[in-house]
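Engineer: Sharing my_file_19.txt (compact mmCIF, C-alpha atoms) below.
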```txt
# COMPACT_ATOMS: atom_id res chain seq x y z
CA MET A 17 4.77 -3.44 -6.45
CA ASP A 18 6.93 -5.64 -8.65
CA PRO A 19 10.59 -4.54 -8.18
CA THR A 20 11.36 -5.38 -11.80
CA VAL A 21 9.21 -2.51 -13.11
CA VAL A 22 10.45 0.39 -10.97
CA GLU A 23 11.55 3.39 -12.99
CA ARG A 24 15.21 4.28 -12.38
CA ARG A 25 14.54 7.72 -10.97
CA VAL A 26 15.14 9.31 -7.56
CA THR A 27 13.74 12.76 -6.79
CA LEU A 28 13.69 14.98 -3.72
CA LYS A 29 10.59 17.10 -3.26
CA ASN A 30 10.40 20.66 -1.92
CA ARG A 31 7.79 21.82 0.59
CA GLY A 32 5.28 22.91 -2.04
CA GLN A 33 5.53 19.63 -3.90
CA ILE A 34 5.05 17.66 -0.69
CA GLU A 35 1.90 19.68 -0.01
CA ARG A 36 0.56 18.68 -3.42
CA MET A 37 1.32 15.06 -2.62
CA ALA A 38 -0.50 15.51 0.68
CA MET A 39 -3.60 16.58 -1.27
CA ALA A 40 -3.44 13.38 -3.29
CA GLY A 41 -2.76 11.40 -0.15
CA ARG A 42 -5.73 12.81 1.70
CA LEU A 43 -8.00 11.93 -1.21
CA VAL A 44 -6.70 8.35 -1.18
CA SER A 45 -7.32 8.19 2.57
CA ASP A 46 -10.87 9.46 2.09
CA VAL A 47 -11.46 6.80 -0.56
CA LEU A 48 -10.21 4.04 1.74
CA ASP A 49 -12.32 5.40 4.61
CA ARG A 50 -15.40 5.21 2.39
CA LEU A 51 -14.59 1.72 1.10
CA GLY A 52 -14.12 0.53 4.68
CA GLU A 53 -17.62 1.76 5.45
CA GLU A 54 -19.05 0.01 2.38
CA LEU A 55 -17.19 -3.28 2.91
CA ARG A 56 -19.64 -5.99 3.99
CA PRO A 57 -20.71 -9.50 3.00
CA GLY A 58 -22.44 -9.52 -0.38
CA ILE A 59 -20.85 -6.44 -1.92
CA THR A 60 -18.93 -7.09 -5.13
CA THR A 61 -15.36 -6.00 -5.60
CA LEU A 62 -16.41 -4.23 -8.80
CA THR A 63 -18.90 -2.14 -6.80
CA LEU A 64 -16.08 -1.08 -4.50
CA ASP A 65 -14.01 -0.15 -7.54
CA ARG A 66 -16.82 1.96 -9.00
CA ILE A 67 -17.25 3.82 -5.70
CA ALA A 68 -13.52 4.58 -5.60
CA ALA A 69 -13.35 5.68 -9.25
CA ASP A 70 -16.33 7.97 -8.79
CA MET A 71 -14.85 9.60 -5.67
CA ILE A 72 -11.49 10.17 -7.34
CA ARG A 73 -12.92 11.63 -10.53
CA ARG A 74 -15.47 13.81 -8.72
CA ALA A 75 -12.53 15.33 -6.85
CA GLY A 76 -10.97 16.29 -10.18
CA ALA A 77 -8.24 13.70 -9.77
CA VAL A 78 -7.12 10.70 -11.83
CA PRO A 79 -6.90 7.07 -10.58
CA SER A 80 -3.21 6.19 -10.47
CA PHE A 81 -3.62 2.56 -11.45
CA VAL A 82 -5.64 2.90 -14.65
CA GLY A 83 -3.41 2.25 -17.64
CA VAL A 84 -0.45 0.83 -15.70
CA PRO A 85 1.24 -1.67 -18.07
CA GLY A 86 0.89 -5.34 -17.15
CA ARG A 87 2.11 -8.73 -18.27
CA LEU A 88 -0.98 -9.28 -20.41
CA ARG A 89 -2.80 -5.95 -20.60
CA PRO A 90 -2.85 -2.51 -18.94
CA TYR A 91 -4.69 -2.29 -15.63
CA ARG A 92 -8.26 -0.97 -15.96
CA HIS A 93 -9.43 -0.28 -12.39
CA ALA A 94 -9.11 2.44 -9.76
CA ILE A 95 -8.28 0.02 -6.94
CA CYS A 96 -6.89 -3.44 -6.31
CA VAL A 97 -8.96 -5.75 -4.08
CA SER A 98 -7.13 -8.78 -2.71
CA ILE A 99 -8.95 -11.40 -0.62
CA ASP A 100 -7.57 -14.04 1.76
CA ASP A 101 -4.56 -15.68 0.02
CA GLU A 102 -4.30 -12.84 -2.51
CA VAL A 103 -1.39 -10.59 -1.56
CA VAL A 104 -1.71 -7.62 -3.93
CA HIS A 105 -3.09 -6.53 -7.31
CA GLY A 106 -6.40 -8.36 -7.02
CA VAL A 107 -8.57 -7.36 -9.99
CA PRO A 108 -12.12 -6.14 -9.19
CA GLY A 109 -14.97 -8.13 -10.70
CA ASN A 110 -18.28 -9.80 -9.89
CA ARG A 111 -16.90 -11.73 -6.92
CA ARG A 112 -18.80 -11.02 -3.70
CA VAL A 113 -17.15 -10.42 -0.34
CA GLU A 114 -17.99 -13.11 2.22
CA GLU A 115 -18.19 -13.29 6.01
CA GLY A 116 -14.90 -14.37 7.59
CA GLN A 117 -12.64 -13.08 4.81
CA ILE A 118 -9.80 -10.60 5.03
CA VAL A 119 -9.81 -7.96 2.32
CA SER A 120 -6.90 -5.75 1.29
CA ILE A 121 -7.62 -2.67 -0.81
CA ASP A 122 -4.90 -0.64 -2.52
CA ALA A 123 -5.82 2.79 -3.93
CA GLY A 124 -3.94 5.55 -5.72
CA ALA A 125 -4.82 9.00 -7.03
CA ILE A 126 -3.11 11.75 -8.99
CA VAL A 127 -3.82 15.35 -7.97
CA ALA A 128 -2.21 18.14 -10.01
CA GLY A 129 0.33 15.65 -11.34
CA TRP A 130 1.31 14.16 -7.95
CA HIS A 131 0.57 10.68 -6.65
CA GLY A 132 -0.78 9.34 -3.38
CA ASP A 133 -0.74 5.58 -2.74
CA ALA A 134 -2.04 3.61 0.25
CA ALA A 135 -3.48 0.23 1.23
CA ARG A 136 -5.36 -1.23 4.18
CA THR A 137 -6.50 -4.70 5.19
CA TRP A 138 -9.88 -5.29 6.86
CA VAL A 139 -11.47 -8.33 8.45
CA VAL A 140 -15.09 -9.04 7.46
CA GLY A 141 -17.08 -10.29 10.42
CA GLU A 142 -15.63 -12.90 12.79
CA VAL A 143 -12.21 -14.35 12.02
CA PRO A 144 -9.77 -16.51 14.00
CA VAL A 145 -7.40 -14.75 16.38
CA ALA A 146 -4.45 -15.72 14.20
CA THR A 147 -6.01 -13.92 11.25
CA GLN A 148 -6.72 -10.77 13.23
CA THR A 149 -3.19 -10.82 14.62
CA LEU A 150 -1.73 -11.07 11.11
CA VAL A 151 -3.67 -7.99 10.02
CA GLU A 152 -2.67 -5.95 13.06
CA ALA A 153 0.99 -7.04 13.01
CA THR A 154 1.30 -6.03 9.37
CA ARG A 155 -0.06 -2.60 10.26
CA GLN A 156 2.39 -2.34 13.14
CA ALA A 157 5.24 -3.29 10.83
CA MET A 158 4.25 -0.48 8.47
CA LEU A 159 4.32 1.99 11.35
CA ALA A 160 7.69 0.63 12.54
CA GLY A 161 9.09 1.15 9.07
CA ILE A 162 7.71 4.68 8.96
CA ALA A 163 9.22 5.47 12.37
CA ALA A 164 12.64 4.51 10.99
CA ALA A 165 12.30 6.96 8.07
CA VAL A 166 14.30 9.80 9.61
CA PRO A 167 17.14 11.81 8.08
CA GLY A 168 20.49 10.10 8.59
CA ASN A 169 19.01 6.61 8.57
CA HIS A 170 19.09 4.44 5.46
CA ILE A 171 16.53 2.50 3.44
CA GLY A 172 17.89 -0.62 5.11
CA ASP A 173 16.77 0.67 8.51
CA ILE A 174 13.18 0.81 7.26
CA SER A 175 13.46 -2.71 5.88
CA ALA A 176 14.97 -4.08 9.09
CA ALA A 177 12.27 -2.49 11.25
CA ILE A 178 9.54 -4.08 9.14
CA GLU A 179 11.17 -7.50 9.10
CA ALA A 180 11.70 -7.45 12.87
CA VAL A 181 7.92 -7.45 13.39
CA ALA A 182 7.47 -10.37 10.99
CA ARG A 183 10.20 -12.37 12.73
CA GLU A 184 8.59 -11.78 16.10
CA HIS A 185 5.42 -13.49 14.87
CA GLY A 186 6.99 -16.03 12.52
CA TYR A 187 5.31 -14.60 9.41
CA GLY A 188 6.44 -14.92 5.84
CA VAL A 189 7.63 -11.65 4.31
CA VAL A 190 6.81 -11.31 0.61
CA ARG A 191 10.03 -10.60 -1.26
CA SER A 192 8.91 -10.29 -4.87
CA PHE A 193 6.97 -7.05 -4.27
CA VAL A 194 8.35 -4.08 -2.37
CA GLY A 195 7.79 -0.45 -1.44
CA HIS A 196 9.05 2.37 -3.63
CA GLY A 197 9.75 6.02 -4.15
CA ILE A 198 6.81 8.10 -5.31
CA GLY A 199 6.15 11.56 -6.73
CA THR A 200 5.11 12.63 -10.22
CA GLU A 201 5.47 8.95 -11.08
CA MET A 202 3.82 6.32 -8.95
CA HIS A 203 6.92 4.10 -9.05
CA GLU A 204 10.19 5.88 -8.51
CA GLU A 205 13.44 4.78 -6.97
CA PRO A 206 14.50 3.80 -4.38
CA GLN A 207 13.03 0.38 -3.76
CA VAL A 208 12.03 -0.26 -0.13
CA SER A 209 12.27 -3.96 0.67
CA ASN A 210 10.33 -5.36 3.60
CA PHE A 211 13.28 -7.51 4.68
CA ALA A 212 16.96 -6.92 5.35
CA THR A 213 18.95 -7.25 2.14
CA GLY A 214 22.45 -7.00 3.58
CA SER A 215 22.85 -3.48 2.18
CA ARG A 216 22.19 -0.22 4.04
CA GLY A 217 20.81 1.30 0.86
CA ARG A 218 20.29 4.98 0.14
CA ARG A 219 20.74 7.47 2.95
CA LEU A 220 17.47 9.17 3.91
CA GLU A 221 17.28 12.93 3.54
CA PRO A 222 14.52 15.53 3.66
CA GLY A 223 12.37 15.60 0.54
CA LEU A 224 12.53 11.88 -0.16
CA CYS A 225 8.99 10.49 -0.52
CA LEU A 226 8.30 6.79 -0.15
CA ALA A 227 5.46 4.28 -0.28
CA ILE A 228 6.12 1.89 2.60
CA GLU A 229 4.08 -1.30 2.23
CA PRO A 230 4.73 -4.53 4.14
CA MET A 231 3.05 -7.72 2.94
CA PHE A 232 3.04 -10.59 5.44
CA THR A 233 1.68 -14.12 5.19
CA LEU A 234 0.79 -16.89 7.63
CA GLY A 235 3.02 -19.22 5.63
CA SER A 236 5.77 -19.00 3.04
CA HIS A 237 7.02 -15.82 1.39
CA GLU A 238 6.70 -17.46 -2.03
CA VAL A 239 4.03 -16.07 -4.38
CA ALA A 240 2.53 -16.78 -7.79
CA ILE A 241 0.56 -14.71 -10.31
CA LYS A 242 -2.87 -15.86 -11.44
CA ASP A 243 -3.91 -16.27 -15.06
CA ASP A 244 -5.33 -12.73 -15.17
CA GLY A 245 -1.71 -11.52 -15.21
CA TRP A 246 -2.22 -9.32 -12.15
CA THR A 247 -3.47 -11.05 -9.01
CA VAL A 248 -0.60 -12.13 -6.75
CA VAL A 249 -1.37 -15.08 -4.45
CA THR A 250 0.60 -16.95 -1.81
CA ALA A 251 2.10 -20.10 -3.32
CA ASP A 252 1.00 -22.21 -0.35
CA GLY A 253 -2.52 -20.77 -0.08
CA SER A 254 -1.84 -19.07 3.26
CA LEU A 255 -3.56 -15.82 4.22
CA ALA A 256 -1.85 -12.50 3.47
CA ALA A 257 -2.19 -8.92 4.70
CA HIS A 258 -1.00 -5.64 3.13
CA TRP A 259 -0.73 -2.13 4.58
CA GLU A 260 0.73 0.94 2.90
CA HIS A 261 1.25 4.65 3.48
CA THR A 262 2.89 7.33 1.37
CA ILE A 263 5.30 9.35 3.51
CA ALA A 264 7.70 12.26 3.19
CA VAL A 265 11.03 12.31 5.01
CA THR A 266 11.37 15.75 6.65
CA SER A 267 13.90 17.37 8.97
CA GLU A 268 11.36 16.88 11.79
CA GLY A 269 10.85 13.19 11.00
CA PRO A 270 8.50 11.17 8.79
CA ARG A 271 5.29 12.82 7.65
CA ILE A 272 2.46 10.49 6.63
CA LEU A 273 0.71 11.91 3.58
CA THR A 274 -2.09 9.32 3.41
CA ALA A 275 -3.30 9.40 7.03
CA SER A 276 -7.02 9.61 7.82
CA GLN A 277 -6.24 12.66 9.94
CA PRO A 278 -3.53 15.15 8.97
CA ALA A 279 -0.28 14.03 10.62
CA ARG A 280 2.48 16.42 11.58
CA ALA A 281 6.06 15.50 10.78
CA GLY A 282 7.40 12.98 13.28
CA GLU A 283 3.91 12.10 14.56
CA LEU A 284 2.43 8.65 13.85
CA PRO A 285 -1.38 8.52 13.75
CA ALA A 286 -3.46 6.07 15.70
CA LEU A 287 -5.15 3.82 13.14
CA SER A 288 -7.85 1.22 13.52
CA ALA A 289 -6.70 -2.29 12.68
CA VAL A 290 -9.86 -3.06 10.76
```
Would you mind writing the structure in this file as structure tokens?
Structural biologist:
Amino acid sequence: MDPTVVERRVTLKNRGQIERMAMAGRLVSDVLDRLGEELRPGITTLTLDRIAADMIRRAGAVPSFVGVPGRLRPYRHAICVSIDDEVVHGVPGNRRVEEGQIVSIDAGAIVAGWHGDAARTWVVGEVPVATQTLVEATRQAMLAGIAAAVPGNHIGDISAAIEAVAREHGYGVVRSFVGHGIGTEMHEEPQVSNFATGSRGRRLEPGLCLAIEPMFTLGSHEVAIKDDGWTVVTADGSLAAHWEHTIAVTSEGPRILTASQPARAGELPALSAV
């Protein structure tokens, strides 16, 4: 998300509220599972969006992204679909997915007033090893950031853990868009950068819920926004990957609220890279 539009609000959630967020998170996970099954050469990004919107509404939930204010107009879709050099916020349309692409899908849902937010990146067919490695390393960075989300640590520990993975591979770390707090609003404080900022940031405590979402590139960290006012692309045209989970900090450790399988506090799920 764009750090300039984060609402200045920090909230701690109680157990019941976290359970409501887990309901939203599980729905988002189910949507991404389904979209991963549907993703293939020839399918349009708008078809993927319609599948997601239908699933969310049939569950009695509301798509989180619809109506979010933008630079030109409010967002009108249930998901964002970003392909190849698109980092985030790709707008669904009549474009067809092609063999050899990497596709990132970001989805959000509101259940009983509470948000879940997650993203995954898939490879479509055969891709170079460097591309596959980018996708997997970005996922690993997300998990490293989640593992650092324990009481007593700080936001900066999450950021440093994510950046360490990028440095190991020599990837660019997108700086203009960051993770965020989440709850009854999709974008709450605190911001969660994917790189060390020189500040330890807020101390982590039970009840703090975060969307942790690294975005890595095969080139520079610089990005630009396309004429649609939404789609963020790498400035140098390099490939980008994006992974995201919503988590809750608990006394037992981080609890992933958007896992494909229910995850206990302190337990990181095994996820497929594609």
Engineer: Residues at most 9 Å from Trp259 in chain A, counting only C-alpha atoms, excluding those fewer than 4 positions away in the same chain, as a VMD selection string?
Structural biologist: chain A and resid 120 to 122 134 to 137 151 154 to 155 157 to 158 228 to 231
Engineer: Rank nothing, just name the residue among A:Gly116, A:Gly245, A:Pro222, A:Gly253 nearest to Arg31 in chain A, using only C-alpha atoms.
Structural biologist: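 The closest residue to Arg31 in chain A is A:Pro222.
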Engineer: Compare A:Thr266, A:Thr147, A:Asn169, A:Thr27 by their minimum atom-to-atom distance to Arg216 in chain A, counting only C-alpha atoms, and give me the closest one.
Structural biologist: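 Comparing A:Thr266, A:Thr147, A:Asn169, A:Thr27 against Arg216 in chain A, the winner is A:Asn169.
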Engineer: Quick one: which range 171-245 of chain A residues come within 12 Å of range 61-84 of chain A, and what is the nearest atom pair for each with the distance in Å to one decimal, counting only C-alpha atoms, rows ordered by chain and ascending number, as a tab-separated table?
Structural biologist:
```
residue	atom	partner	partner_atom	distance
A:Ile198	CA	A:Ser80	CA	11.4
A:Gly199	CA	A:Ser80	CA	11.4
A:Thr200	CA	A:Ser80	CA	10.5
A:Glu201	CA	A:Ser80	CA	9.1
A:Met202	CA	A:Ser80	CA	7.2
A:His203	CA	A:Ser80	CA	10.4
```
Engineer: Between A:Ala177, A:Ile272, A:Leu150, A:Leu28, single out the one closest to Phe232 in chain A, counting all atoms listed in the file.
Structural biologist: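 Selected residue with least distance to Phe232 in chain A: A:Leu150.
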Engineer: Work out how far apart CA of Arg56 in chain A and CA of Gly41 in chain A are and give it in Å to one decimal.
Structural biologist: 24.6 Å
Engineer: Write out as a VMD selection string the residues lying within 7 Å of range 178-188 of chain A, counting only C-alpha atoms and excluding same-chain residues fewer than 5 positions away.
Structural biologist: chain A and resid 153 157 to 158 160 to 161 210 to 212 230 232 to 237
Engineer: At a cut-off of 9 Å, using all atoms listed in the file, what residues contact range 35-39 of chain A? Leave out same-chain residues fewer than 2 positions from it and give the result as an MDAnalysis selection string.
Structural biologist: chainID A and resid 30:33 41:44 126:132 199:200 262:263 272:274 278
Engineer: Would you export the selected residues with C-alpha atoms as a PDB file, in the coordinates of the input, please?
Structural biologist:
```pdb
ATOM      1  CA  ASN A  30      10.400  20.660  -1.920  1.00  0.00           C
ATOM      2  CA  ARG A  31       7.790  21.820   0.590  1.00  0.00           C
ATOM      3  CA  GLY A  32       5.280  22.910  -2.040  1.00  0.00           C
ATOM      4  CA  GLN A  33       5.530  19.630  -3.900  1.00  0.00           C
ATOM      5  CA  GLY A  41      -2.760  11.400  -0.150  1.00  0.00           C
ATOM      6  CA  ARG A  42      -5.730  12.810   1.700  1.00  0.00           C
ATOM      7  CA  LEU A  43      -8.000  11.930  -1.210  1.00  0.00           C
ATOM      8  CA  VAL A  44      -6.700   8.350  -1.180  1.00  0.00           C
ATOM      9  CA  ILE A 126      -3.110  11.750  -8.990  1.00  0.00           C
ATOM     10  CA  VAL A 127      -3.820  15.350  -7.970  1.00  0.00           C
ATOM     11  CA  ALA A 128      -2.210  18.140 -10.010  1.00  0.00           C
ATOM     12  CA  GLY A 129       0.330  15.650 -11.340  1.00  0.00           C
ATOM     13  CA  TRP A 130       1.310  14.160  -7.950  1.00  0.00           C
ATOM     14  CA  HIS A 131       0.570  10.680  -6.650  1.00  0.00           C
ATOM     15  CA  GLY A 132      -0.780   9.340  -3.380  1.00  0.00           C
ATOM     16  CA  GLY A 199       6.150  11.560  -6.730  1.00  0.00           C
ATOM     17  CA  THR A 200       5.110  12.630 -10.220  1.00  0.00           C
ATOM     18  CA  THR A 262       2.890   7.330   1.370  1.00  0.00           C
ATOM     19  CA  ILE A 263       5.300   9.350   3.510  1.00  0.00           C
ATOM     20  CA  ILE A 272       2.460  10.490   6.630  1.00  0.00           C
ATOM     21  CA  LEU A 273       0.710  11.910   3.580  1.00  0.00           C
ATOM     22  CA  THR A 274      -2.090   9.320   3.410  1.00  0.00           C
ATOM     23  CA  PRO A 278      -3.530  15.150   8.970  1.00  0.00           C
TER      24      PRO A 278
END
```
Engineer: Val140 in chain A: which residues within 8 Å, counting all atoms listed in the file, same-chain residues fewer than 3 positions away excluded, as a list in words?
Structural biologist: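 Near Val140 in chain A, the qualifying residues are Leu55, Arg56, Pro57, Glu114, Glu115, Gly116, Gln117, Ile118, Val119 and Val143 of chain A.
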Engineer: With only C-alpha atoms as the basis for distance, which of A:Leu51, A:Val26, A:Arg111, A:Ala251 is at the shortest distance from Ile95 in chain A?
Structural biologist: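 Between A:Leu51, A:Val26, A:Arg111, A:Ala251, the residue approaching Ile95 in chain A most closely is A:Leu51.
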Engineer: Can you work out the spacing between CA of Arg218 in chain A and CA of Ser276 in chain A in Å, to one decimal?
Structural biologist: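 Between these atoms lies a distance of 28.7 Å.
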Engineer: Report, in Å to a single decimal, how far apart CA of Gly217 in chain A and CA of Gly172 in chain A are.
Structural biologist: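 These atoms are spaced 5.5 Å apart.
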Engineer: Of the residues A:Val265, A:Leu48, A:Val248, A:Ala94, which is the one nearest to His170 in chain A, using only C-alpha atoms?
Structural biologist: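 Residue with the minimum atom-to-atom distance to His170 in chain A: A:Val265.
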Engineer: Under the rule that all atoms listed in the file are counted, which of A:Pro167, A:Trp138, A:Leu255, A:Leu220 is the nearest residue to Gly52 in chain A?
Structural biologist: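 Among the listed residues, the smallest separation from Gly52 in chain A belongs to A:Trp138.
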